[in-house]
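Scroll down for the structure; my scribbles are underneath it.
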Amino acid sequence: MRKRNNLEKLLKNLSFLILVFLLISAITILYGSPAKQPANVSLSELASQINAGSVKSVSVNENNLEIELNDGTKEKSVKESQSSLTETLSNYGVDKEKLKEVQIEIKQPSAFSSFMLAVLPFLLPLVLIGAFLWFMMKQAQRGNSQALSFGMSKARLTDPKDKRKKITFKDVAGAKEAKEELGEIVEFLKHSRKFLSIGAKIPKGVLLLGNPGTGKTLMAKAVAGEAGVPFFNISGSEFVEMFVGVGASRVRDLFKQAKKNAPSIVFIDEIDAVGRHRGAGLGGGHDEREQTLNQILVEMDGFETGTNVIVMAATNRPDVLDPALLRPGRFDRRVVMDLPDIEEREAILQIHIKGKPQEDDINLRRIAERTPGFSGADLANLVNEAAILAVRQNKQKISMENLIDSIEKVILGPERRSRVISEKEKKIVAYHEAGHALVAASLKNADPVHKVSIISRGQAGGYTLAVPTQDVRLHSKSYYTDELATLLGGYASEKKTFGEVTTGASNDLERATHMARAMVTRYGMSDLGPRTFGKKEELIFLGKEISEEKDYSEHTAQAIDRQVSDFIEKAFEKANQILSEKSDTLEKLTQTLLEKETLEKEEFEQIISQK
């Protein structure tokens, strides 16, 4: 394939050079100084010149006459086709004695030119027809070769000797436990005899689980880089075609190549594209996908065993995979790639910002604190957005301000300073955001406020950035009740100040309702007791939640609604009480927001701490 590409490149360059040469030649011919062309004379003029003794020589080429005078002048003429030159000139009264003084040369046409003139009318059509047939046969052969390669694997091979593309565990920040699990795979690939001598078998497969962007593909590349073995990378969707049997053929070809290069690693990204439950009904009985999955199952744990080929796969939907794919002997290990904690986020930021010019004031710890829930891909995007923002501001280095602005851009979207907004709407937004921030700062279980702004971003008219000081995975009932009050702080502030509410609180009310319902139906935090209500039903072929099965009566449904309303009403009363008690602080916050539009954490805490 590489030789063919080089040949095509050489032919392309040669064609370009020929085209340039022809273009230069044409320009030279058109604009160069043209040679002096011989003048046309009639036979009567030629006869007069011969009689005058001014003609030196005459060359006869069939009926064309090339004349040279004694002074070196060139002329040309045409004689009669049915008679010789001597006869023609005699008819025009040329003196025979004068004609003897002229050198007459008769040029005979070459045998080749005579042959081409005779054969060319018949040969040219044959050449054109032959060239057309050759082109058609070449196209047919290309089509046959494509048809023969249709069932071959499209996996991309990463050469372990290519140091430019080599990725190791050093290039992957965090995921300590995942590295330990995969480190044993690397050790087995490097020193398999040490394990085989004690009777240990190599794991057949490793399944990487985790949210999108957590580094599953990057971790698989790091395993291949650490082990120094060939790495075959393919997506699950590349197996499936419209023709039944093509996917299974590609699976066979993939494992055939991997066994030739053993020990090696086969990485199937997004394996849920072919590994979903078989026979699941609508969308689950696709023959081509099922045959592909069956072939993968056979290759991983069929009759042929003992090969040093490890299959690694990645998915963020392990719940839809076929049970036969997850049993021991196929995917023996499941490695969870979780969202990074604050320490891992800081390490990831250090990797992505390395090599980029940056100011001395950058504090990556502070950025890590403001980005809970960010994946590795989100953090990489954050640093890239900060670099783009620095270029847009004509800066030579990335500043802390660029990183902070990029956090909000990734979460909410770009600033919309050009958005036209009336003074009344601006005032409503200021009271709304001040209500959120003041309620959050007054409750001990709510997340601390890091920034308040009334500058529009994305679909939000303003925003209050409240993030936890440390990563928390288990939340209590008191945390959710305080968060409910914080969400309703903007709604309560609008109603208290203006006597009515606007549509700006719609998203807050939606989130508050969803949170309160989850407290009742999922977390058992209501008076209805320690149980859940409702069962989520998912259709596998759609891959998303589309309905909820009711496992409770209508009477219980009414009780659930009352509990949800009770949570929301209590939260609203709490928010309203805080805003009433701290109305002076609310006014101070609002006026400061109207003046400055944005308040950072330090300035916000200074305002609310004043008596």
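Residue names in the structure tokens use chain letters A, B, ... in the order shown, residue numbers from 1 in each chain, and ligand numbers from 1 in the order shown.
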Please, which residues in segment 425-539 of chain A fall within 12 Å of segment 549-566 of chain A when counting only C-alpha atoms, and what is the closest atom pair and distance in Å to one decimal for each, ordered by chain then residue number, as JSON lines?
```
{"residue": "A:Thr481", "atom": "CA", "partner": "A:Asp566", "partner_atom": "CA", "distance": 11.1}
{"residue": "A:Leu484", "atom": "CA", "partner": "A:Val564", "partner_atom": "CA", "distance": 11.2}
{"residue": "A:Leu509", "atom": "CA", "partner": "A:Ser565", "partner_atom": "CA", "distance": 11.7}
{"residue": "A:Ala512", "atom": "CA", "partner": "A:Val564", "partner_atom": "CA", "distance": 9.6}
{"residue": "A:Thr513", "atom": "CA", "partner": "A:Val564", "partner_atom": "CA", "distance": 7.3}
{"residue": "A:His514", "atom": "CA", "partner": "A:Val564", "partner_atom": "CA", "distance": 9.1}
{"residue": "A:Met515", "atom": "CA", "partner": "A:Val564", "partner_atom": "CA", "distance": 9.0}
{"residue": "A:Ala516", "atom": "CA", "partner": "A:Val564", "partner_atom": "CA", "distance": 5.4}
{"residue": "A:Arg517", "atom": "CA", "partner": "A:Val564", "partner_atom": "CA", "distance": 5.6}
{"residue": "A:Ala518", "atom": "CA", "partner": "A:Val564", "partner_atom": "CA", "distance": 8.9}
{"residue": "A:Met519", "atom": "CA", "partner": "A:Val564", "partner_atom": "CA", "distance": 8.2}
{"residue": "A:Val520", "atom": "CA", "partner": "A:Ile560", "partner_atom": "CA", "distance": 6.8}
{"residue": "A:Thr521", "atom": "CA", "partner": "A:Ile560", "partner_atom": "CA", "distance": 7.6}
{"residue": "A:Arg522", "atom": "CA", "partner": "A:Ile560", "partner_atom": "CA", "distance": 11.3}
{"residue": "A:Gly524", "atom": "CA", "partner": "A:Ile560", "partner_atom": "CA", "distance": 11.1}
{"residue": "A:Met525", "atom": "CA", "partner": "A:Gln563", "partner_atom": "CA", "distance": 9.8}
{"residue": "A:Ser526", "atom": "CA", "partner": "A:Gln563", "partner_atom": "CA", "distance": 6.7}
{"residue": "A:Asp527", "atom": "CA", "partner": "A:Gln563", "partner_atom": "CA", "distance": 7.6}
{"residue": "A:Leu528", "atom": "CA", "partner": "A:Ile560", "partner_atom": "CA", "distance": 7.8}
{"residue": "A:Gly529", "atom": "CA", "partner": "A:Ile560", "partner_atom": "CA", "distance": 11.1}
{"residue": "A:Arg531", "atom": "CA", "partner": "A:Tyr552", "partner_atom": "CA", "distance": 11.1}
{"residue": "A:Thr532", "atom": "CA", "partner": "A:Asp551", "partner_atom": "CA", "distance": 9.3}
{"residue": "A:Phe533", "atom": "CA", "partner": "A:Asp551", "partner_atom": "CA", "distance": 6.6}
{"residue": "A:Gly534", "atom": "CA", "partner": "A:Lys550", "partner_atom": "CA", "distance": 4.8}
{"residue": "A:Lys535", "atom": "CA", "partner": "A:Glu549", "partner_atom": "CA", "distance": 5.0}
{"residue": "A:Lys536", "atom": "CA", "partner": "A:Glu549", "partner_atom": "CA", "distance": 6.2}
{"residue": "A:Glu537", "atom": "CA", "partner": "A:Glu549", "partner_atom": "CA", "distance": 6.5}
{"residue": "A:Glu538", "atom": "CA", "partner": "A:Glu549", "partner_atom": "CA", "distance": 10.1}
```
Produce a table with one row for each residue of segment 414-529 of chain A that has an atom at most 12 Å from any atom of segment 373-385 of chain A, each row naming the nearest atom pair and its distance in Å at one decimal; use only C-alpha atoms; arrange rows by chain and rising residue number; format as a tab-separated table.
```
residue	atom	partner	partner_atom	distance
A:Pro414	CA	A:Glu385	CA	10.5
A:Val467	CA	A:Gly373	CA	10.1
A:Pro468	CA	A:Gly373	CA	10.7
A:Gln470	CA	A:Gly373	CA	11.3
A:Asp471	CA	A:Gly373	CA	8.8
A:Val472	CA	A:Gly373	CA	10.4
A:Arg473	CA	A:Gly373	CA	10.6
```
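For Ala258 of chain A, the list of residues within 8 Å, based on only C-alpha atoms and with local chain neighbours fewer than 5 positions off taken out, reads Phe232, Pro263, Ser264, Ile265, Val266 and Val309 of chain A.
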Item to complete: List the neighbours of Leu65 of chain A out to 12 Å using only C-alpha atoms; skip same-chain residues closer than 6 positions along the sequence, and give me the result as a PyMOL selection string.
Response: chain A and resi 38-43+46+57-59+74-81+84-85+104-107
Worksheet item: Which polymer residues have any atom within 7 Å of an atom of segment 210-217 of chain A, counting only C-alpha atoms, with same-chain residues fewer than 4 positions away left out, as a list of chain:residue names?
Response: A:Lys221, A:Ala314, A:Thr315, A:Asn316, A:Val336, A:Met337, A:Asp338, A:Leu339, A:Ser375, A:Gly376, A:Ala377
Discussion item. Taking the DSSP secondary structure from the backbone, can you list the residues of segment 399-476 of chain A that are strand (DSSP E), as a PyMOL selection string?
Written reply: chain A and resi 449-453+463-466
I need the chosen residues saved as an mmCIF file, in the first residue's frame, with N, CA, C and O atoms.
```cif
data_model
loop_
_atom_site.group_PDB
_atom_site.id
_atom_site.type_symbol
_atom_site.label_atom_id
_atom_site.label_comp_id
_atom_site.auth_asym_id
_atom_site.auth_seq_id
_atom_site.Cartn_x
_atom_site.Cartn_y
_atom_site.Cartn_z
ATOM 1 N N VAL A 449 -20.210 29.658 47.271
ATOM 2 C CA VAL A 449 -20.287 30.455 46.050
ATOM 3 C C VAL A 449 -18.885 30.908 45.651
ATOM 4 O O VAL A 449 -18.143 31.451 46.466
ATOM 5 N N HIS A 450 -18.525 30.684 44.389
ATOM 6 C CA HIS A 450 -17.232 31.106 43.870
ATOM 7 C C HIS A 450 -17.339 32.322 42.956
ATOM 8 O O HIS A 450 -16.379 33.071 42.822
ATOM 9 N N LYS A 451 -18.506 32.511 42.344
ATOM 10 C CA LYS A 451 -18.645 33.643 41.432
ATOM 11 C C LYS A 451 -20.123 33.922 41.191
ATOM 12 O O LYS A 451 -20.935 32.995 41.114
ATOM 13 N N VAL A 452 -20.456 35.208 41.051
ATOM 14 C CA VAL A 452 -21.806 35.636 40.715
ATOM 15 C C VAL A 452 -21.691 36.619 39.554
ATOM 16 O O VAL A 452 -20.857 37.535 39.596
ATOM 17 N N SER A 453 -22.509 36.437 38.534
ATOM 18 C CA SER A 453 -22.432 37.306 37.359
ATOM 19 C C SER A 453 -23.813 37.502 36.770
ATOM 20 O O SER A 453 -24.664 36.607 36.825
ATOM 21 N N TYR A 463 -25.676 33.933 36.129
ATOM 22 C CA TYR A 463 -25.368 32.639 36.739
ATOM 23 C C TYR A 463 -24.659 32.849 38.066
ATOM 24 O O TYR A 463 -24.005 33.874 38.300
ATOM 25 N N THR A 464 -24.845 31.860 38.940
ATOM 26 C CA THR A 464 -24.143 31.798 40.219
ATOM 27 C C THR A 464 -23.355 30.497 40.238
ATOM 28 O O THR A 464 -23.935 29.405 40.162
ATOM 29 N N LEU A 465 -22.040 30.617 40.313
ATOM 30 C CA LEU A 465 -21.167 29.448 40.286
ATOM 31 C C LEU A 465 -20.882 29.000 41.714
ATOM 32 O O LEU A 465 -20.159 29.664 42.455
ATOM 33 N N ALA A 466 -21.494 27.886 42.118
ATOM 34 C CA ALA A 466 -21.295 27.332 43.459
ATOM 35 C C ALA A 466 -20.777 25.900 43.308
ATOM 36 O O ALA A 466 -21.458 25.058 42.718
#
```
Fill in: 12 Å contact set for segment 587-600 of chain A, only C-alpha atoms, chain neighbours under 6 positions out, as a PyMOL selection string
chain A and resi 401+404-405+417+423-438+448-456+461-466+490+493-494+496-497+579-581+606-611
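Neighbouring residues of Ala347 of chain A at 12 Å or closer, counting only C-alpha atoms and skipping chain neighbours under 6 positions away, are Lys170, Asp171, Val172, Ala173, Gly174, Ala175, Lys176, Pro340, Asp341, Ile353, Lys354, Leu364, Arg365, Ile367, Ala368, Gly376, Leu379 and Ala380 of chain A.
Residue nearest Arg252 of chain A, chosen from A:Val186, A:Ala224, A:Leu19, A:Val298 and counting only C-alpha atoms: A:Val298.
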Practice prompt. Find the distance between atom CA of Phe604 of chain A and atom CA of Leu586 of chain A and write it in Å to one decimal.
Written response: 11.4 Å
